[in-house]
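Down below is the structure, laid out as structure tokens.
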Amino acid sequence: MTERNNKVYDVLVVGSGIAGMYGALQFDESTSVAVLSKYSKTTSNSNLAQGGVAAVLSLEDDSYDLHIKDTLIAGRHENDTEAVDVLVREGPEDVRKIMEMGVRFDENENGELDKTLEGGHSRRRIVHYKDCTGAEMVRGLLGEVEKRKNIDYCENTVLCRLVRVRSGFRADLLCEGEYFSVFCSYCMLCTGGVGRVYKYTTNPKSATGDGIRIAYELGAQIKDLRYIQFHPTAFNSKDGEQFLISESVRGEGAYLYNCEKKRFMDRYDERLELAPRDVVSKSIILESRRTGSNNFYLDITHEDSDFLKKRFPAIYEGCMRYGVDMTKDLIPIFPCQHYLMGGIEVDLDSKTTVPRLYACGECANTGVHGKNRLASNSLLEALVFSRRAAEDIKRCMQNGFPTVAAIPVELDFSGAPVPEGIVDDIKKIMQRAYFVMPDAGAIRFGLKQIDSILKRLKGGKFAYTTKYLEALSLASVAYIVLKEAEEIC
Ligand SMILES: Cc1cc2nc3c(=O)[nH]c(=O)nc-3n(C[C@H](O)[C@H](O)[C@H](O)COP(=O)(O)OP(=O)(O)OC[C@H]3O[C@@H](n4cnc5c(N)ncnc54)[C@H](O)[C@@H]3O)c2cc1C
């Protein structure tokens with residue numbers, strides 16, 4: 001048994017995306033913190049963020065009210081207005097703080113921050129680093145985390161489950177085949193999204209909703225998990241990996257083709273390829289039902305090849321990795337799951353309904369996004385609400401709340417391997433029932449199927465491998481999404 005077994009921390013941060021790392025960095029050297037990363041340090045949604053962070057950094061040409069208004073319009077006014085107010089007014093200070101920590105954003109020729117515009121924003125307010133803002137933020141914050149003596153960074157370490165104990169939690173962990181426990185007085189779940197519940201998603205393999213499953217097991221309230229954002233055009237590779245083909249490719253004149261390599265948007269919307277995101281996604285699904293094929297393409301070969309390479313360097317390179325030269329070839333695309341608006345219900349301090357348990361970032365439901373996220377608001381949400389969680393924990397510690405003590409236990413997580421194909425079954429059910437256009441019949445049928453998968457996973461004696469735990473998380477997420485969807489069908 002390693003020396004890490006039964007270690008006691010003040011705070012356990014589960015996840016090392018932007019929410020987890022920025023949250024961990026709020027504590028000074030007197031607070032012991034552990035940060036877990038299920039896979040490598042850069043396997044996270046955060047690391048893939050392209051566009052940027054939306055924030056009102058100058059009041060000359062922008063205002064908080066305008067950012068609030070844009071957020072509410074995008075969210076179809078189902079947002080929590082108090083949370084939106086906090087996000088917009090406090091966010092700029094957090095962006096400045098991460099810059100002080102070493103995160104870089106592009107500047108224009110006058111040495112000012114280069115602010116860009118994205119769909120739904122009425123002002124240029126998105127700061128970015130080339131087209132890989134998330135990777136730059138992860139680089140900057142990780143550098144800071146690694147300097148801190150009070151933070152233990154645990155890579156390739158999976159939180160299997162949380163157990164409530166007196167004044168905190170016991171966290172049962174799996175690292176390189178070994179099980180052990182640590183204890184914490186407070187826990188921040190920053191485990192990211194749920195994209196891997198679908199076959200088609202931009203999310204990396206870490207996005208299996210583990211934090212949501214673990215919070216649910218503890219009895220925490222989960223809210224609006226059915227509020228899932230889809231993106232119309234992700235690269236559709238044969239190996240099943242998808243990456244975003246930004247909407248600006250259509251903005252620059254790309255045509256959408258069906259399996260017959262013919263344009264089809266005129267059947268569905270007079271704005272053709274420039275219709276809004278949700279309309280284009282739905283049109284693709286309707287066209288796939290009409291033609292019986294999932295083969296769709298973007299064609300921008302009519303544009304100048306030097307212009308394309310300069311305008312879309314990351315997309316060009318991404319396509320080339322799969323042997324597709326976007327200056328000469330059609331780009332295979334399909335809609336994909338992209339973002340989760342709902343999640344573990346939290347208040348303005350990111351507190352869940354379970355004492356001492358916090359949730360931040362994509363796994364949390366702060367209510368800021370309402371029914372639909374405004375572009376580039378999620379990195380901002382991860383910053384603002386993880387900082388607020390840490391501030392609340394600091395207040396509890398200052399008020400002398402009792403702290404946890406280790407109560408060693410023997411862990412026995414041995415058992416049978418998880419049945420092959422179960423995750424594929426879950427994905428198929430979700431693709432059919434709740435992808436872009438929910439299907440009431442498939443939701444009802446799918447819910448029964450997921451229910452029996454969940455019973456099988458929970459009822460059997462399976463070994464707690466990452467594969468099993470992820471299957472359990474995905475089945476739990478699918479169950480909650482379909483249950484919510486069934487209730488409103
Ligand atoms: C392709 C893409 C582009 C995007 N572009 C933008 C953009 O331009 N602007 C914007 O605002 N947003 C963007 N987003 C959304 C944004 O990136 C995410 O919402 C945000 O980064 C989520 O941060 P997070 O810290 O909550 O989660 P993540 O960054 O996903 O981090 C989750 C962490 O939790 C860990 N974890 C999960 N389960 C466990 C477990 N059981 N045990 C231990 N660790 C665990 C993971 O290993 C990971 O470290 C984009 C997303 C994608 C996928």
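Lettering and numbering for the structure tokens are positional, with chains as A, B, ... in the shown order, residues counted from 1 in each chain, and ligands counted from 1 in the shown order.
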
Within 7 Å of ligand 1, which residues of chain A show up? Give each one with its shortest atom-to-atom distance in Å (one decimal) and the two atoms involved, counting only C-alpha atoms and all ligand atoms, rows by chain then rising residue number, as CSV.
```
residue,atom,partner,partner_atom_place_in_ligand_line,distance
A:Val14,CA,ligand 1,44 (N),5.0
A:Gly15,CA,ligand 1,34 (O),3.1
A:Ser16,CA,ligand 1,49 (O),3.7
A:Gly17,CA,ligand 1,29 (O),3.4
A:Ile18,CA,ligand 1,25 (O),4.1
A:Ala19,CA,ligand 1,25 (O),3.8
A:Gly20,CA,ligand 1,25 (O),5.5
A:Leu36,CA,ligand 1,43 (C),4.9
A:Ser37,CA,ligand 1,47 (O),4.0
A:Lys38,CA,ligand 1,47 (O),3.8
A:Tyr39,CA,ligand 1,47 (O),5.2
A:Lys41,CA,ligand 1,49 (O),6.6
A:Thr43,CA,ligand 1,47 (O),6.0
A:Ser44,CA,ligand 1,30 (O),4.0
A:Asn45,CA,ligand 1,30 (O),3.7
A:Ser46,CA,ligand 1,21 (O),3.0
A:Asn47,CA,ligand 1,29 (O),6.4
A:Leu48,CA,ligand 1,1 (C),4.8
A:Ala49,CA,ligand 1,5 (N),3.3
A:Gln50,CA,ligand 1,8 (O),4.2
A:Gly51,CA,ligand 1,8 (O),3.2
A:Gly52,CA,ligand 1,8 (O),4.2
A:Val53,CA,ligand 1,11 (O),5.1
A:Ala54,CA,ligand 1,11 (O),7.0
A:Thr133,CA,ligand 1,8 (O),6.9
A:Gly134,CA,ligand 1,17 (O),6.4
A:Thr157,CA,ligand 1,43 (C),5.7
A:Val158,CA,ligand 1,42 (N),3.6
A:Leu159,CA,ligand 1,42 (N),3.9
A:Cys160,CA,ligand 1,41 (N),6.0
A:Cys190,CA,ligand 1,26 (O),5.2
A:Thr191,CA,ligand 1,34 (O),3.3
A:Gly192,CA,ligand 1,27 (O),3.3
A:Gly193,CA,ligand 1,30 (O),5.9
A:Thr202,CA,ligand 1,53 (C),4.9
A:Asn203,CA,ligand 1,53 (C),4.4
A:Ser206,CA,ligand 1,46 (C),5.2
A:Ala207,CA,ligand 1,30 (O),6.2
A:Thr208,CA,ligand 1,38 (N),6.8
A:Gly209,CA,ligand 1,38 (N),6.7
A:Asp210,CA,ligand 1,41 (N),4.9
A:Gly211,CA,ligand 1,38 (N),6.0
A:Phe243,CA,ligand 1,1 (C),6.2
A:Leu244,CA,ligand 1,1 (C),5.6
A:His338,CA,ligand 1,53 (C),5.8
A:Tyr339,CA,ligand 1,15 (C),6.4
A:Cys360,CA,ligand 1,26 (O),6.2
A:Gly361,CA,ligand 1,26 (O),3.3
A:Glu362,CA,ligand 1,26 (O),3.9
A:Cys363,CA,ligand 1,26 (O),6.0
A:Ala375,CA,ligand 1,9 (N),6.2
A:Ser376,CA,ligand 1,11 (O),3.2
A:Asn377,CA,ligand 1,11 (O),4.5
A:Ser378,CA,ligand 1,11 (O),3.8
A:Leu379,CA,ligand 1,11 (O),3.8
A:Leu380,CA,ligand 1,11 (O),6.1
A:Ala382,CA,ligand 1,26 (O),5.8
```

Using only C-alpha atoms, which residues sit within 10 Å of A:Asn6 once same-chain residues fewer than 3 positions away are excluded, as a list of chain:residue names?
A:Thr2, A:Glu3, A:Tyr9, A:Arg170, A:Ala171, A:Asp172, A:Phe180, A:Ser181, A:Val182, A:Phe183, A:Cys184, A:Ala405, A:Ala406, A:Ile407, A:Pro408, A:Val409

Pull all heavy atoms from the residues just selected and write them as a short mmCIF file (atom, residue, chain, number, x, y, z; two decimals), in the first residue's frame.
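The result, stored in out_14.cif:
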```cif
data_model
loop_
_atom_site.label_atom_id
_atom_site.label_comp_id
_atom_site.auth_asym_id
_atom_site.auth_seq_id
_atom_site.Cartn_x
_atom_site.Cartn_y
_atom_site.Cartn_z
N THR A 2 0.56 2.21 -0.80
CA THR A 2 1.43 3.38 -0.93
C THR A 2 1.22 4.36 0.23
O THR A 2 0.23 4.28 0.95
CB THR A 2 1.10 4.14 -2.22
OG1 THR A 2 -0.22 4.62 -2.10
CG2 THR A 2 1.23 3.27 -3.43
N GLU A 3 2.18 5.30 0.33
CA GLU A 3 2.07 6.29 1.42
C GLU A 3 0.92 7.28 1.20
O GLU A 3 0.53 7.98 2.11
CB GLU A 3 3.39 7.05 1.57
CG GLU A 3 3.75 7.84 0.33
CD GLU A 3 5.18 8.33 0.35
OE1 GLU A 3 6.05 7.56 0.82
OE2 GLU A 3 5.40 9.46 -0.09
N TYR A 9 -6.60 15.63 3.33
CA TYR A 9 -6.47 16.95 2.70
C TYR A 9 -7.59 17.86 3.21
O TYR A 9 -8.66 17.39 3.58
CB TYR A 9 -6.63 16.85 1.17
CG TYR A 9 -5.51 16.11 0.51
CD1 TYR A 9 -5.62 14.75 0.22
CD2 TYR A 9 -4.33 16.77 0.15
CE1 TYR A 9 -4.59 14.06 -0.41
CE2 TYR A 9 -3.29 16.09 -0.47
CZ TYR A 9 -3.43 14.73 -0.75
OH TYR A 9 -2.40 14.06 -1.36
N ARG A 170 -14.65 10.44 2.38
CA ARG A 170 -13.58 9.53 2.00
C ARG A 170 -13.68 9.37 0.48
O ARG A 170 -14.77 9.13 -0.04
CB ARG A 170 -13.78 8.16 2.65
CG ARG A 170 -12.58 7.24 2.44
CD ARG A 170 -12.84 5.84 2.96
NE ARG A 170 -13.56 5.05 2.00
CZ ARG A 170 -14.63 4.30 2.29
NH1 ARG A 170 -15.11 4.25 3.51
NH2 ARG A 170 -15.23 3.61 1.34
N ALA A 171 -12.57 9.57 -0.21
CA ALA A 171 -12.57 9.43 -1.66
C ALA A 171 -11.81 8.17 -2.01
O ALA A 171 -10.64 8.02 -1.65
CB ALA A 171 -11.90 10.65 -2.30
N ASP A 172 -12.47 7.23 -2.67
CA ASP A 172 -11.82 5.99 -3.08
C ASP A 172 -11.27 6.18 -4.48
O ASP A 172 -12.02 6.51 -5.40
CB ASP A 172 -12.82 4.83 -3.04
CG ASP A 172 -13.30 4.56 -1.61
OD1 ASP A 172 -12.57 4.94 -0.66
OD2 ASP A 172 -14.40 4.01 -1.44
N PHE A 180 -6.82 3.06 -3.43
CA PHE A 180 -6.49 3.63 -2.11
C PHE A 180 -7.51 4.72 -1.80
O PHE A 180 -8.29 5.12 -2.68
CB PHE A 180 -5.05 4.17 -2.07
CG PHE A 180 -4.77 5.28 -3.05
CD1 PHE A 180 -4.73 6.61 -2.64
CD2 PHE A 180 -4.53 5.01 -4.39
CE1 PHE A 180 -4.47 7.63 -3.53
CE2 PHE A 180 -4.28 6.03 -5.30
CZ PHE A 180 -4.25 7.35 -4.87
N SER A 181 -7.49 5.18 -0.55
CA SER A 181 -8.45 6.22 -0.14
C SER A 181 -7.70 7.44 0.33
O SER A 181 -6.60 7.34 0.89
CB SER A 181 -9.32 5.73 1.03
OG SER A 181 -10.00 4.57 0.68
N VAL A 182 -8.31 8.60 0.11
CA VAL A 182 -7.85 9.82 0.78
C VAL A 182 -9.08 10.44 1.45
O VAL A 182 -10.21 10.10 1.10
CB VAL A 182 -7.17 10.83 -0.18
CG1 VAL A 182 -5.93 10.25 -0.83
CG2 VAL A 182 -8.14 11.35 -1.22
N PHE A 183 -8.82 11.32 2.41
CA PHE A 183 -9.91 11.97 3.13
C PHE A 183 -9.84 13.47 2.90
O PHE A 183 -8.73 14.03 2.76
CB PHE A 183 -9.83 11.64 4.62
CG PHE A 183 -10.10 10.19 4.89
CD1 PHE A 183 -9.10 9.23 4.72
CD2 PHE A 183 -11.36 9.77 5.28
CE1 PHE A 183 -9.36 7.88 4.94
CE2 PHE A 183 -11.64 8.42 5.49
CZ PHE A 183 -10.63 7.47 5.32
N CYS A 184 -10.99 14.11 2.84
CA CYS A 184 -10.98 15.57 2.65
C CYS A 184 -12.14 16.19 3.42
O CYS A 184 -13.19 15.57 3.57
CB CYS A 184 -11.08 15.92 1.17
SG CYS A 184 -12.58 15.31 0.39
N ALA A 405 -11.09 13.44 9.76
CA ALA A 405 -9.96 12.60 10.19
C ALA A 405 -10.03 11.29 9.41
O ALA A 405 -11.11 10.87 9.00
CB ALA A 405 -10.07 12.31 11.69
N ALA A 406 -8.87 10.68 9.21
CA ALA A 406 -8.85 9.43 8.44
C ALA A 406 -9.42 8.28 9.24
O ALA A 406 -9.11 8.11 10.42
CB ALA A 406 -7.41 9.11 8.03
N ILE A 407 -10.32 7.53 8.61
CA ILE A 407 -10.80 6.29 9.23
C ILE A 407 -10.52 5.19 8.21
O ILE A 407 -11.32 4.97 7.29
CB ILE A 407 -12.32 6.35 9.53
CG1 ILE A 407 -12.65 7.64 10.28
CG2 ILE A 407 -12.79 5.12 10.29
CD1 ILE A 407 -14.10 8.02 10.21
N PRO A 408 -9.35 4.55 8.33
CA PRO A 408 -8.95 3.58 7.29
C PRO A 408 -9.96 2.46 7.10
O PRO A 408 -10.58 2.00 8.05
CB PRO A 408 -7.62 3.03 7.82
CG PRO A 408 -7.13 4.07 8.77
CD PRO A 408 -8.35 4.68 9.38
N VAL A 409 -10.13 2.08 5.84
CA VAL A 409 -11.00 0.94 5.51
C VAL A 409 -10.27 0.05 4.50
O VAL A 409 -9.37 0.50 3.80
CB VAL A 409 -12.34 1.38 4.87
CG1 VAL A 409 -13.26 2.04 5.86
CG2 VAL A 409 -12.11 2.27 3.66
#
```

Might you pull out every residue within 9 Å of A:Phe169, with only C-alpha atoms counted and same-chain residues fewer than 5 positions away left off, and present them as a list in words?
Leu162, Val163, Arg164, Val182, Phe183, Cys184, Ser185, Tyr186, Cys187, Arg356, Leu357 and Val404 of chain A

Run DSSP on the backbone of this structure and report the residues of stretch 352-469 of chain A it assigns to strand (DSSP E or B), as an mmCIF file with N, CA, C and O atoms, in the first residue's frame.
```cif
data_model
loop_
_atom_site.group_PDB
_atom_site.id
_atom_site.type_symbol
_atom_site.label_atom_id
_atom_site.label_comp_id
_atom_site.auth_asym_id
_atom_site.auth_seq_id
_atom_site.Cartn_x
_atom_site.Cartn_y
_atom_site.Cartn_z
ATOM 1 N N LEU A 357 -19.940 19.630 -0.291
ATOM 2 C CA LEU A 357 -19.687 19.200 -1.674
ATOM 3 C C LEU A 357 -20.002 20.359 -2.622
ATOM 4 O O LEU A 357 -21.107 20.917 -2.586
ATOM 5 N N TYR A 358 -19.020 20.691 -3.452
ATOM 6 C CA TYR A 358 -19.157 21.797 -4.414
ATOM 7 C C TYR A 358 -19.041 21.233 -5.829
ATOM 8 O O TYR A 358 -18.419 20.189 -6.028
ATOM 9 N N ALA A 359 -19.628 21.922 -6.782
ATOM 10 C CA ALA A 359 -19.470 21.503 -8.185
ATOM 11 C C ALA A 359 -19.245 22.751 -9.024
ATOM 12 O O ALA A 359 -19.925 23.766 -8.834
ATOM 13 N N ALA A 364 -21.466 21.417 -13.452
ATOM 14 C CA ALA A 364 -22.387 22.100 -12.534
ATOM 15 C C ALA A 364 -23.506 22.795 -13.298
ATOM 16 O O ALA A 364 -23.351 23.166 -14.461
ATOM 17 N N ASN A 365 -24.623 22.963 -12.624
ATOM 18 C CA ASN A 365 -25.705 23.759 -13.194
ATOM 19 C C ASN A 365 -25.829 25.038 -12.364
ATOM 20 O O ASN A 365 -26.530 25.067 -11.360
ATOM 21 N N ALA A 416 -15.789 -9.095 -11.791
ATOM 22 C CA ALA A 416 -15.728 -9.479 -13.213
ATOM 23 C C ALA A 416 -15.476 -8.250 -14.080
ATOM 24 O O ALA A 416 -15.777 -7.125 -13.668
ATOM 25 N N PHE A 462 -18.824 -6.271 -10.423
ATOM 26 C CA PHE A 462 -17.828 -5.930 -11.434
ATOM 27 C C PHE A 462 -16.618 -5.264 -10.774
ATOM 28 O O PHE A 462 -16.773 -4.532 -9.796
#
```

Can you tell me, as an MDAnalysis selection string, which residues in stretch 250-420 of chain A count as alpha helix (DSSP H) by DSSP?
chainID A and resid 250:251 277:291 305:311 313:321 378:398

Would you pick out the contacts of A:Ala471 at 8 Å or less, using only C-alpha atoms, so that residues sharing its chain but fewer than 3 positions from it are not included, and give the list as a PyMOL selection string?
chain A and resi 422-423+467-468+474-475

Counting only C-alpha atoms, what is within 9 Å of A:Ile426, bar same-chain residues fewer than 5 positions away, as a PyMOL selection string?
chain A and resi 197-198+421+431+446+449-450+453+471+474-475+478

Restrict the selected residues to all heavy atoms and save them as a PDB file, in the first residue's frame.
```pdb
ATOM      1  N   VAL A 197     -21.355  10.186 -23.846  1.00  0.00           N
ATOM      2  CA  VAL A 197     -22.591   9.400 -23.832  1.00  0.00           C
ATOM      3  C   VAL A 197     -23.125   9.267 -25.268  1.00  0.00           C
ATOM      4  O   VAL A 197     -24.052   8.512 -25.530  1.00  0.00           O
ATOM      5  CB  VAL A 197     -23.624  10.034 -22.849  1.00  0.00           C
ATOM      6  CG1 VAL A 197     -24.288  11.251 -23.444  1.00  0.00           C
ATOM      7  CG2 VAL A 197     -24.652   9.031 -22.383  1.00  0.00           C
ATOM      8  N   TYR A 198     -22.511  10.023 -26.183  1.00  0.00           N
ATOM      9  CA  TYR A 198     -22.868   9.961 -27.602  1.00  0.00           C
ATOM     10  C   TYR A 198     -21.718   9.382 -28.423  1.00  0.00           C
ATOM     11  O   TYR A 198     -20.554   9.471 -28.027  1.00  0.00           O
ATOM     12  CB  TYR A 198     -23.160  11.367 -28.132  1.00  0.00           C
ATOM     13  CG  TYR A 198     -24.457  11.930 -27.609  1.00  0.00           C
ATOM     14  CD1 TYR A 198     -24.459  12.854 -26.568  1.00  0.00           C
ATOM     15  CD2 TYR A 198     -25.667  11.530 -28.146  1.00  0.00           C
ATOM     16  CE1 TYR A 198     -25.654  13.362 -26.085  1.00  0.00           C
ATOM     17  CE2 TYR A 198     -26.858  12.034 -27.668  1.00  0.00           C
ATOM     18  CZ  TYR A 198     -26.849  12.945 -26.634  1.00  0.00           C
ATOM     19  OH  TYR A 198     -28.030  13.436 -26.161  1.00  0.00           O
ATOM     20  N   GLY A 421     -19.198  -4.069 -25.057  1.00  0.00           N
ATOM     21  CA  GLY A 421     -20.266  -3.518 -25.907  1.00  0.00           C
ATOM     22  C   GLY A 421     -21.306  -2.694 -25.173  1.00  0.00           C
ATOM     23  O   GLY A 421     -22.191  -2.094 -25.787  1.00  0.00           O
ATOM     24  N   GLN A 431     -28.032   8.224 -29.254  1.00  0.00           N
ATOM     25  CA  GLN A 431     -28.048   8.777 -30.625  1.00  0.00           C
ATOM     26  C   GLN A 431     -29.462   8.727 -31.200  1.00  0.00           C
ATOM     27  O   GLN A 431     -29.906   9.631 -31.877  1.00  0.00           O
ATOM     28  CB  GLN A 431     -27.111   7.976 -31.539  1.00  0.00           C
ATOM     29  CG  GLN A 431     -25.646   8.248 -31.370  1.00  0.00           C
ATOM     30  CD  GLN A 431     -25.195   9.643 -31.744  1.00  0.00           C
ATOM     31  OE1 GLN A 431     -24.338  10.193 -31.096  1.00  0.00           O
ATOM     32  NE2 GLN A 431     -25.791  10.237 -32.758  1.00  0.00           N
ATOM     33  N   GLY A 446     -35.923   3.854 -25.023  1.00  0.00           N
ATOM     34  CA  GLY A 446     -34.525   3.947 -24.601  1.00  0.00           C
ATOM     35  C   GLY A 446     -34.401   3.974 -23.079  1.00  0.00           C
ATOM     36  O   GLY A 446     -33.478   3.379 -22.511  1.00  0.00           O
ATOM     37  N   GLN A 449     -34.487   0.556 -21.760  1.00  0.00           N
ATOM     38  CA  GLN A 449     -33.233  -0.163 -22.038  1.00  0.00           C
ATOM     39  C   GLN A 449     -32.120   0.304 -21.110  1.00  0.00           C
ATOM     40  O   GLN A 449     -31.363  -0.497 -20.554  1.00  0.00           O
ATOM     41  CB  GLN A 449     -32.809   0.074 -23.490  1.00  0.00           C
ATOM     42  CG  GLN A 449     -33.713  -0.576 -24.514  1.00  0.00           C
ATOM     43  CD  GLN A 449     -33.262  -0.183 -25.908  1.00  0.00           C
ATOM     44  OE1 GLN A 449     -33.261   0.988 -26.272  1.00  0.00           O
ATOM     45  NE2 GLN A 449     -32.873  -1.161 -26.698  1.00  0.00           N
ATOM     46  N   ILE A 450     -32.042   1.623 -20.925  1.00  0.00           N
ATOM     47  CA  ILE A 450     -30.980   2.171 -20.051  1.00  0.00           C
ATOM     48  C   ILE A 450     -31.205   1.707 -18.611  1.00  0.00           C
ATOM     49  O   ILE A 450     -30.253   1.375 -17.892  1.00  0.00           O
ATOM     50  CB  ILE A 450     -30.957   3.722 -20.128  1.00  0.00           C
ATOM     51  CG1 ILE A 450     -30.478   4.194 -21.499  1.00  0.00           C
ATOM     52  CG2 ILE A 450     -30.094   4.316 -19.021  1.00  0.00           C
ATOM     53  CD1 ILE A 450     -28.993   4.014 -21.775  1.00  0.00           C
ATOM     54  N   ILE A 453     -29.812  -1.655 -18.305  1.00  0.00           N
ATOM     55  CA  ILE A 453     -28.333  -1.625 -18.322  1.00  0.00           C
ATOM     56  C   ILE A 453     -27.808  -1.178 -16.952  1.00  0.00           C
ATOM     57  O   ILE A 453     -26.875  -1.754 -16.388  1.00  0.00           O
ATOM     58  CB  ILE A 453     -27.826  -0.670 -19.435  1.00  0.00           C
ATOM     59  CG1 ILE A 453     -28.087  -1.270 -20.818  1.00  0.00           C
ATOM     60  CG2 ILE A 453     -26.337  -0.355 -19.258  1.00  0.00           C
ATOM     61  CD1 ILE A 453     -27.727  -0.375 -21.996  1.00  0.00           C
ATOM     62  N   ALA A 471     -18.629   3.338 -17.663  1.00  0.00           N
ATOM     63  CA  ALA A 471     -19.898   2.780 -18.158  1.00  0.00           C
ATOM     64  C   ALA A 471     -21.025   3.124 -17.187  1.00  0.00           C
ATOM     65  O   ALA A 471     -22.137   3.511 -17.590  1.00  0.00           O
ATOM     66  CB  ALA A 471     -19.775   1.268 -18.326  1.00  0.00           C
ATOM     67  N   LEU A 474     -21.876   6.825 -17.584  1.00  0.00           N
ATOM     68  CA  LEU A 474     -22.604   7.093 -18.830  1.00  0.00           C
ATOM     69  C   LEU A 474     -24.042   6.589 -18.735  1.00  0.00           C
ATOM     70  O   LEU A 474     -24.981   7.263 -19.177  1.00  0.00           O
ATOM     71  CB  LEU A 474     -21.883   6.450 -20.020  1.00  0.00           C
ATOM     72  CG  LEU A 474     -20.524   7.085 -20.357  1.00  0.00           C
ATOM     73  CD1 LEU A 474     -19.795   6.265 -21.410  1.00  0.00           C
ATOM     74  CD2 LEU A 474     -20.688   8.528 -20.833  1.00  0.00           C
ATOM     75  N   ALA A 475     -24.211   5.407 -18.136  1.00  0.00           N
ATOM     76  CA  ALA A 475     -25.571   4.876 -17.988  1.00  0.00           C
ATOM     77  C   ALA A 475     -26.384   5.775 -17.055  1.00  0.00           C
ATOM     78  O   ALA A 475     -27.576   6.048 -17.308  1.00  0.00           O
ATOM     79  CB  ALA A 475     -25.516   3.452 -17.444  1.00  0.00           C
ATOM     80  N   ALA A 478     -27.247   8.965 -19.003  1.00  0.00           N
ATOM     81  CA  ALA A 478     -28.278   8.675 -20.006  1.00  0.00           C
ATOM     82  C   ALA A 478     -29.635   8.515 -19.330  1.00  0.00           C
ATOM     83  O   ALA A 478     -30.660   9.027 -19.815  1.00  0.00           O
ATOM     84  CB  ALA A 478     -27.911   7.408 -20.773  1.00  0.00           C
TER      85      ALA A 478
END
```

Would you list the contacts of stretch 246-253 of chain A as a PDB file with C-alpha atoms, in the first residue's frame, taking every protein, DNA or RNA residue within 7 Å and counting only C-alpha atoms, but skipping same-chain residues closer than 4 positions in sequence?
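Saved to around09.pdb:
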```pdb
ATOM      1  CA  GLU A 273     -25.603  27.244 -44.985  1.00  0.00           C
ATOM      2  CA  LEU A 274     -25.718  30.419 -42.880  1.00  0.00           C
ATOM      3  CA  ILE A 300     -14.667  25.097 -49.505  1.00  0.00           C
TER       4      ILE A 300
END
```

Tell me which of A:Gly75, A:Glu93, A:Val145, A:Arg267 sits closest to A:Val35, counting only C-alpha atoms.
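Closest to A:Val35, using only C-alpha atoms: A:Val145.
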
List the neighbours of A:Ser305 out to 7 Å using only C-alpha atoms; skip same-chain residues closer than 3 positions along the sequence, and give me the result as a ChimeraX atom specification.
/A:308-309,327

Would you put the residues from that selection into a file with N, CA, C and O atoms, as a PDB file, in the first residue's frame?
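Generated output (part-v5.pdb):
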```
ATOM      1  N   LEU A 308      -7.113  29.890 -47.242  1.00  0.00           N
ATOM      2  CA  LEU A 308      -7.671  28.887 -46.316  1.00  0.00           C
ATOM      3  C   LEU A 308      -6.630  28.438 -45.293  1.00  0.00           C
ATOM      4  O   LEU A 308      -6.924  28.322 -44.102  1.00  0.00           O
ATOM      5  N   LYS A 309      -5.401  28.223 -45.746  1.00  0.00           N
ATOM      6  CA  LYS A 309      -4.355  27.755 -44.824  1.00  0.00           C
ATOM      7  C   LYS A 309      -4.054  28.805 -43.766  1.00  0.00           C
ATOM      8  O   LYS A 309      -3.753  28.486 -42.625  1.00  0.00           O
ATOM      9  N   THR A 327      -8.246  22.285 -48.942  1.00  0.00           N
ATOM     10  CA  THR A 327      -8.147  23.170 -50.110  1.00  0.00           C
ATOM     11  C   THR A 327      -8.501  22.418 -51.401  1.00  0.00           C
ATOM     12  O   THR A 327      -8.768  23.027 -52.421  1.00  0.00           O
TER      13      THR A 327
END
```

Counting only C-alpha atoms, which of A:Arg148, A:Lys130, A:Lys199, A:His77 gets nearest to A:Ala24?
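Nearest to A:Ala24: A:Arg148.
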
Please compute the atom CA of A:Asn399-atom CA of A:Asp10 distance, one decimal, in Å.
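Pair atom CA of A:Asn399 / atom CA of A:Asp10 returns 14.1 Å.
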
Selected residue, from A:Tyr268, A:Gly460, A:Ser452, A:Glu484, that lies nearest to A:Asp425 when counting only C-alpha atoms
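Closest to A:Asp425 of all the choices is A:Ser452.
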
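When atom CA of A:Tyr227 is paired with atom CA of A:Asp424, their separation reads 22.0 Å.
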
If I take atom CA of A:Thr466 and atom CA of A:Gly415, how far is one from the other in Å, to one decimal?
13.1 Å

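In this comparison, which uses only C-alpha atoms, the residue of A:Thr81, A:Ser414, A:Thr116, A:Ser30 approaching A:Ala463 most closely is A:Ser414.
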